[in-house]
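Have a look at model-v3.txt below; it lists compact mmCIF, C-alpha atoms.
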# COMPACT_ATOMS: atom_id res chain seq x y z
CA MET A 1 162.22 -48.58 76.37
CA THR A 2 159.23 -48.69 74.01
CA ASN A 3 159.21 -49.65 70.37
CA GLN A 4 158.72 -45.98 69.46
CA ASN A 5 162.06 -45.18 71.09
CA ASP A 6 163.79 -48.28 69.74
CA PRO A 7 163.03 -48.39 66.01
CA LEU A 8 164.20 -50.93 63.48
CA ILE A 9 165.96 -48.91 60.77
CA ILE A 10 166.22 -50.45 57.31
CA ALA A 11 167.50 -48.46 54.34
CA GLY A 12 167.05 -45.25 56.31
CA LYS A 13 163.40 -45.84 57.25
CA ASN A 14 162.17 -46.37 60.81
CA TYR A 15 159.82 -49.21 61.73
CA HIS A 16 158.22 -49.74 65.12
CA SER A 17 157.62 -53.46 64.60
CA ARG A 18 160.57 -55.85 64.45
CA LEU A 19 158.38 -58.65 63.11
CA LEU A 20 158.31 -59.06 59.34
CA VAL A 21 155.76 -61.48 57.89
CA GLY A 22 155.14 -63.30 54.67
CA SER A 23 151.90 -63.27 52.72
CA GLY A 24 151.75 -66.84 51.42
CA LYS A 25 150.25 -70.16 52.52
CA TYR A 26 147.04 -68.76 54.01
CA LYS A 27 143.70 -70.32 53.08
CA ASP A 28 142.46 -67.10 51.50
CA LEU A 29 143.14 -63.37 51.30
CA GLU A 30 140.84 -62.61 54.22
CA GLU A 31 142.91 -64.81 56.53
CA THR A 32 146.02 -63.12 55.14
CA ARG A 33 144.58 -59.74 56.06
CA LEU A 34 143.51 -60.74 59.57
CA ALA A 35 146.80 -62.46 60.43
CA THR A 36 148.85 -59.56 59.07
CA GLU A 37 146.87 -57.09 61.17
CA ALA A 38 147.23 -59.25 64.29
CA SER A 39 151.00 -59.48 63.80
CA GLY A 40 151.48 -55.73 63.96
CA ALA A 41 154.06 -56.09 61.16
CA GLU A 42 154.83 -53.14 58.94
CA ILE A 43 156.96 -54.96 56.34
CA ILE A 44 155.21 -57.69 54.35
CA THR A 45 157.20 -59.90 52.02
CA VAL A 46 155.64 -61.04 48.76
CA ALA A 47 156.84 -63.86 46.52
CA ILE A 48 156.63 -62.23 43.10
CA ARG A 49 156.79 -65.54 41.22
CA ARG A 50 153.87 -67.00 43.21
CA THR A 51 151.65 -64.09 44.17
CA ASN A 52 149.47 -61.82 42.08
CA ILE A 53 150.13 -58.15 42.78
CA GLY A 54 148.64 -56.93 39.52
CA GLN A 55 150.41 -58.93 36.85
CA ASN A 56 147.29 -61.12 36.46
CA PRO A 57 144.35 -58.69 36.31
CA ASP A 58 141.71 -61.45 36.29
CA GLU A 59 142.89 -63.01 39.58
CA PRO A 60 142.53 -61.84 43.22
CA ASN A 61 145.15 -59.21 43.98
CA LEU A 62 147.08 -59.38 47.27
CA LEU A 63 147.38 -55.60 47.28
CA ASP A 64 143.61 -55.35 47.73
CA VAL A 65 144.04 -56.58 51.33
CA ILE A 66 147.68 -55.60 51.99
CA SER A 67 147.79 -51.99 50.90
CA PRO A 68 151.12 -50.41 49.91
CA GLN A 69 149.84 -47.24 51.57
CA GLN A 70 149.66 -49.05 54.92
CA TYR A 71 152.56 -51.51 54.67
CA THR A 72 156.03 -51.63 53.15
CA ILE A 73 155.78 -54.30 50.48
CA LEU A 74 158.98 -56.34 50.31
CA PRO A 75 159.16 -58.28 47.02
CA ASN A 76 161.16 -61.48 47.33
CA THR A 77 162.70 -63.86 44.85
CA ALA A 78 161.41 -67.10 46.38
CA GLY A 79 161.54 -69.91 43.85
CA CYS A 80 164.65 -68.61 42.10
CA TYR A 81 167.59 -71.01 41.77
CA ASN A 82 170.07 -68.81 39.92
CA ALA A 83 171.21 -65.21 39.91
CA GLU A 84 169.69 -64.38 36.53
CA ASP A 85 166.16 -65.38 37.55
CA ALA A 86 166.47 -63.52 40.84
CA VAL A 87 167.59 -60.30 39.15
CA ARG A 88 164.82 -60.59 36.56
CA THR A 89 162.22 -61.10 39.31
CA CYS A 90 163.37 -58.00 41.20
CA LYS A 91 163.15 -55.91 38.03
CA LEU A 92 159.61 -57.19 37.46
CA ALA A 93 158.69 -56.22 41.02
CA ARG A 94 160.12 -52.72 40.53
CA GLU A 95 158.00 -52.31 37.42
CA LEU A 96 154.83 -53.59 39.09
CA LEU A 97 155.34 -51.44 42.17
CA ASP A 98 156.13 -48.17 40.42
CA GLY A 99 159.86 -48.03 41.00
CA HIS A 100 159.96 -49.71 44.42
CA ASP A 101 163.61 -50.55 45.11
CA LEU A 102 163.63 -52.43 48.46
CA VAL A 103 163.77 -56.19 47.80
CA LYS A 104 164.52 -59.42 49.59
CA LEU A 105 167.02 -61.48 47.63
CA GLU A 106 166.66 -65.24 47.95
CA VAL A 107 168.54 -67.59 45.64
CA LEU A 108 168.02 -71.25 46.51
CA ALA A 109 170.41 -74.16 46.06
CA ASP A 110 167.97 -77.10 45.77
CA GLU A 111 164.35 -78.03 46.35
CA LYS A 112 165.00 -80.45 49.21
CA THR A 113 166.80 -78.16 51.67
CA LEU A 114 165.98 -74.71 50.24
CA PHE A 115 169.38 -73.64 51.54
CA PRO A 116 170.85 -70.50 49.97
CA ASN A 117 172.93 -70.81 46.83
CA VAL A 118 175.70 -68.62 48.21
CA LEU A 119 177.66 -68.12 44.99
CA ASP A 120 174.63 -66.99 43.01
CA THR A 121 173.39 -64.94 45.96
CA LEU A 122 176.63 -62.95 45.92
CA LYS A 123 176.43 -62.56 42.16
CA ALA A 124 172.80 -61.40 42.20
CA ALA A 125 173.37 -59.04 45.13
CA GLU A 126 176.19 -57.27 43.30
CA THR A 127 174.11 -56.89 40.15
CA LEU A 128 171.06 -55.56 42.01
CA ILE A 129 173.03 -53.11 44.16
CA ASN A 130 174.76 -51.74 41.06
CA ASP A 131 171.30 -51.29 39.52
CA GLY A 132 170.09 -49.18 42.43
CA PHE A 133 168.21 -51.78 44.47
CA LYS A 134 168.26 -51.82 48.27
CA VAL A 135 168.89 -55.47 49.02
CA MET A 136 167.90 -57.44 52.10
CA VAL A 137 169.49 -60.83 51.62
CA TYR A 138 168.69 -64.39 52.74
CA THR A 139 171.89 -66.29 53.44
CA THR A 140 173.56 -69.00 55.46
CA ASP A 141 174.71 -68.47 59.04
CA ASP A 142 178.32 -68.15 57.84
CA LEU A 143 179.97 -65.05 59.31
CA MET A 144 182.38 -64.51 56.42
CA ILE A 145 179.58 -64.58 53.84
CA ALA A 146 177.51 -62.22 55.97
CA LYS A 147 180.41 -59.77 56.19
CA GLU A 148 180.94 -59.94 52.43
CA LEU A 149 177.26 -59.18 51.78
CA GLU A 150 177.46 -56.20 54.12
CA ALA A 151 180.62 -54.96 52.43
CA MET A 152 178.90 -55.17 49.03
CA GLY A 153 176.19 -52.82 50.25
CA CYS A 154 173.26 -54.99 51.33
CA VAL A 155 170.98 -53.03 53.67
CA ALA A 156 170.17 -56.07 55.85
CA VAL A 157 171.55 -59.58 56.22
CA MET A 158 169.11 -62.41 56.95
CA PRO A 159 170.72 -65.70 58.04
CA LEU A 160 168.50 -68.75 58.28
CA ALA A 161 167.77 -70.23 61.71
CA ALA A 162 166.82 -73.59 60.17
CA PRO A 163 165.52 -74.77 56.76
CA ILE A 164 162.64 -72.75 55.33
CA GLY A 165 159.28 -73.97 56.62
CA SER A 166 160.83 -76.53 58.99
CA GLY A 167 159.77 -74.92 62.26
CA LEU A 168 162.91 -76.29 63.93
CA GLY A 169 163.89 -73.05 65.63
CA ILE A 170 167.41 -71.68 65.88
CA ARG A 171 169.76 -74.60 65.29
CA ASN A 172 173.01 -72.71 65.73
CA PRO A 173 172.60 -69.68 68.01
CA TYR A 174 176.37 -69.26 68.26
CA ASN A 175 176.76 -68.54 64.54
CA ILE A 176 173.83 -66.12 64.62
CA ARG A 177 175.39 -64.35 67.61
CA PHE A 178 178.75 -64.04 65.81
CA ILE A 179 177.02 -62.36 62.86
CA ILE A 180 175.13 -59.96 65.12
CA GLU A 181 178.32 -58.95 66.92
CA GLU A 182 180.31 -58.32 63.73
CA LEU A 183 177.86 -56.60 61.38
CA ASN A 184 176.70 -52.99 61.42
CA VAL A 185 173.66 -53.45 59.19
CA PRO A 186 170.48 -55.01 60.62
CA VAL A 187 170.60 -58.78 61.13
CA LEU A 188 167.25 -60.53 60.91
CA VAL A 189 166.61 -64.23 61.38
CA ASP A 190 164.88 -65.58 58.30
CA ALA A 191 163.45 -69.10 58.07
CA GLY A 192 163.02 -71.90 60.60
CA VAL A 193 160.96 -70.24 63.33
CA GLY A 194 158.17 -72.53 64.53
CA THR A 195 156.57 -70.93 67.56
CA ALA A 196 156.70 -67.87 69.78
CA SER A 197 159.59 -69.07 71.93
CA ASP A 198 161.79 -69.38 68.81
CA ALA A 199 161.09 -65.75 67.96
CA ALA A 200 161.82 -64.64 71.52
CA ILE A 201 165.14 -66.51 71.52
CA ALA A 202 166.17 -64.82 68.26
CA MET A 203 165.47 -61.43 69.75
CA GLU A 204 167.20 -62.26 73.03
CA LEU A 205 170.32 -63.11 71.02
CA GLY A 206 170.26 -59.53 69.75
CA CYS A 207 168.71 -59.95 66.32
CA ASP A 208 167.25 -56.75 64.92
CA GLY A 209 164.15 -58.57 63.76
CA VAL A 210 162.62 -61.83 62.56
CA LEU A 211 160.92 -62.68 59.29
CA MET A 212 158.45 -65.56 59.24
CA ASN A 213 155.58 -66.96 57.22
CA THR A 214 154.93 -70.68 57.74
CA ALA A 215 155.08 -70.44 61.54
CA ILE A 216 152.00 -68.23 61.39
CA ALA A 217 150.20 -69.46 58.27
CA ALA A 218 150.52 -73.17 59.14
CA ALA A 219 149.33 -72.79 62.75
CA ASN A 220 145.93 -74.19 63.66
CA ASN A 221 144.83 -70.61 64.34
CA PRO A 222 147.01 -68.30 62.23
CA VAL A 223 145.49 -65.09 63.56
CA LEU A 224 146.10 -66.08 67.17
CA MET A 225 149.64 -67.23 66.35
CA ALA A 226 150.33 -63.90 64.65
CA SER A 227 149.34 -62.16 67.87
CA ALA A 228 151.58 -64.49 69.89
CA MET A 229 154.53 -63.78 67.60
CA LYS A 230 154.04 -60.04 68.01
CA LYS A 231 154.26 -60.37 71.79
CA ALA A 232 157.26 -62.74 71.59
CA ILE A 233 159.22 -60.32 69.43
CA GLU A 234 158.50 -57.46 71.82
CA ALA A 235 159.34 -59.51 74.94
CA GLY A 236 162.55 -60.87 73.43
CA ARG A 237 163.70 -57.39 72.42
CA GLU A 238 162.98 -55.98 75.88
CA ALA A 239 164.86 -58.87 77.51
CA PHE A 240 167.86 -58.22 75.27
CA LEU A 241 167.86 -54.52 76.09
CA ALA A 242 167.43 -55.25 79.80
CA GLY A 243 170.42 -57.60 79.89
CA ARG A 244 169.89 -61.03 81.40
CA MET A 245 171.42 -62.08 84.71
CA ALA A 246 174.68 -64.01 84.63
CA ARG A 247 174.40 -67.79 84.59
CA LYS A 248 175.73 -69.44 87.75
CA GLN A 249 176.68 -73.01 88.51
CA TYR A 250 175.16 -73.00 92.02
CA ALA A 251 172.13 -71.56 93.74
CA SER A 252 171.97 -67.96 94.90
CA ALA A 253 169.33 -67.05 97.48
CA SER A 254 166.64 -64.70 96.25
CA SER A 255 166.46 -63.15 99.71
CA PRO A 256 170.00 -62.48 101.00
CA LEU A 257 170.67 -63.39 104.63
CA ASP A 258 172.98 -60.45 105.32
CA GLY A 259 171.71 -58.35 108.22
CA THR A 260 168.98 -60.75 109.30
CA PHE A 261 168.19 -61.49 112.94
CA TYR A 262 167.87 -64.97 114.47

Before anything else, please render the file you have as structure tokens.
Amino acid sequence: MTNQNDPLIIAGKNYHSRLLVGSGKYKDLEETRLATEASGAEIITVAIRRTNIGQNPDEPNLLDVISPQQYTILPNTAGCYNAEDAVRTCKLARELLDGHDLVKLEVLADEKTLFPNVLDTLKAAETLINDGFKVMVYTTDDLMIAKELEAMGCVAVMPLAAPIGSGLGIRNPYNIRFIIEELNVPVLVDAGVGTASDAAIAMELGCDGVLMNTAIAAANNPVLMASAMKKAIEAGREAFLAGRMARKQYASASSPLDGTFY
């Protein structure tokens, strides 16, 4: 099954790539452009509080290299520590992007862990959804919270695999798997991926996609890592669709002996 026949559907729109990438931490906009192209991603997340997308006319504009005509720009609320700031940031993004209503909600608890502030995340999600936003939401790997966010109307739920920027990989695959099994909206791993095998594991679990930034931008060769992540996402998805063999305690001969002659 090819990507064309197995689209990622978010807020009613089809995407062929299940890799979503961030736009920060690169050495310059040219590296951002090259890595984004190598990733094959179609959804690019942008930290509105940290990135110029036109609010500072005298500074380099990310949209000059990441065109809204080519990519779906996903404004995020990185750097927000309460619901009010997150809501205000999303409204700013909607104004800057001519009414764009798809956003990634991220409300942080503290600077050390960058874990989600769950209470303010729920509060901000409700406010944004009531205001007409389509909310993709960064959250913990808690099944009950994920179900509540889905029930509120979030268009995608994005549990962390590990702390943001840590590169630790999926620390609790069981919780991620529970969320995948219970939710009907897309579930995307967000935060903690470090290398291609982490992305493949997320997809083999059944995740609908993976969002990453640091794993690519902080690599020694970001463009090459972006290419590796693209392949890992595709391989992991194909393995999930294929269905892995059952694990067995003892060996099983690759070439059965039934019907052989001695």

Could you tell me which of A:Lys248, A:Leu62, A:Arg94, A:Gln55 comes closest to Tyr26 (chain A) if we count only C-alpha atoms?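 Closest to Tyr26 (chain A) of all the choices is A:Leu62.
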
Nearest-residue call for Ala11 (chain A), choices A:Lys134, A:Arg88, A:Arg177, A:Arg33, using all atoms listed in the file: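 So, comparing all the options, the nearest one is A:Lys134.
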
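Contact shell of region 189-198 of chain A at 6 Å (only C-alpha atoms; same-chain neighbours under 3 positions omitted): Met158, Pro159, Leu160, Ala161, Ala162, Pro163, Ile164, Gly165, Ser166, Gly167, Leu168, Gly169, Ile201, Val210, Leu211, Ala215, Met229 and Ala232 of chain A.
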
Calculate how many Å separate CA of Arg237 (chain A) from CA of Leu183 (chain A), rounding to one decimal. 18.0 Å

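Of the residues under consideration (A:Ala156, A:Ala202, A:Leu34, A:Ile10), A:Leu34 shows the shortest atom-to-atom contact distance to Asn221 (chain A) when counting all atoms listed in the file.
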
Just checking: using only C-alpha atoms, which residue out of A:Glu126, A:Val46, A:Arg171, A:Asn56 ends up closest to Lys104 (chain A)?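 Counting only C-alpha atoms, the residue closest to Lys104 (chain A) is A:Val46.
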
What's the 12 Å shell around Glu181 (chain A), counting all atoms listed in the file, without same-chain residues fewer than 3 positions away, as a count of residues only? 16

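The residue that comes closest to Ala235 (chain A), out of A:Ala199, A:Val223, A:Ile216, A:Val118 and on the basis of only C-alpha atoms, is A:Ala199.
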
Rounded to one decimal in Å, what is the spacing between CA of Leu19 (chain A) and CA of Ala219 (chain A)?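 We find that CA of Leu19 (chain A) and CA of Ala219 (chain A) lie 16.8 Å from each other.
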
Would you mind telling me which residue in A:Glu37, A:Glu30, A:Glu182, A:Glu95 lies nearest to Pro75 (chain A) when using all atoms listed in the file?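 Selected residue with least distance to Pro75 (chain A): A:Glu95.
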
How many Å separate CA of Ala86 (chain A) from CA of Leu114 (chain A)?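 That distance, rounded to one decimal, is 14.6 Å.
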
Which residues, protein or nucleic acid, reach to within 10 Å of (159.2, -54.9, 41.9) in the file's coordinates when using only C-alpha atoms, and can you give that as a short mmCIF file (atom, residue, chain, number, x, y, z; two decimals) with C-alpha atoms, in the frame of the given file?
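Wrote part24.cif, looks like this:
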data_model
loop_
_atom_site.label_atom_id
_atom_site.label_comp_id
_atom_site.auth_asym_id
_atom_site.auth_seq_id
_atom_site.Cartn_x
_atom_site.Cartn_y
_atom_site.Cartn_z
CA VAL A 46 155.64 -61.04 48.76
CA ILE A 48 156.63 -62.23 43.10
CA ILE A 53 150.13 -58.15 42.78
CA ILE A 73 155.78 -54.30 50.48
CA LEU A 74 158.98 -56.34 50.31
CA PRO A 75 159.16 -58.28 47.02
CA ASN A 76 161.16 -61.48 47.33
CA ARG A 88 164.82 -60.59 36.56
CA THR A 89 162.22 -61.10 39.31
CA CYS A 90 163.37 -58.00 41.20
CA LYS A 91 163.15 -55.91 38.03
CA LEU A 92 159.61 -57.19 37.46
CA ALA A 93 158.69 -56.22 41.02
CA ARG A 94 160.12 -52.72 40.53
CA GLU A 95 158.00 -52.31 37.42
CA LEU A 96 154.83 -53.59 39.09
CA LEU A 97 155.34 -51.44 42.17
CA ASP A 98 156.13 -48.17 40.42
CA GLY A 99 159.86 -48.03 41.00
CA HIS A 100 159.96 -49.71 44.42
CA ASP A 101 163.61 -50.55 45.11
CA LEU A 102 163.63 -52.43 48.46
CA VAL A 103 163.77 -56.19 47.80
CA PHE A 133 168.21 -51.78 44.47
#
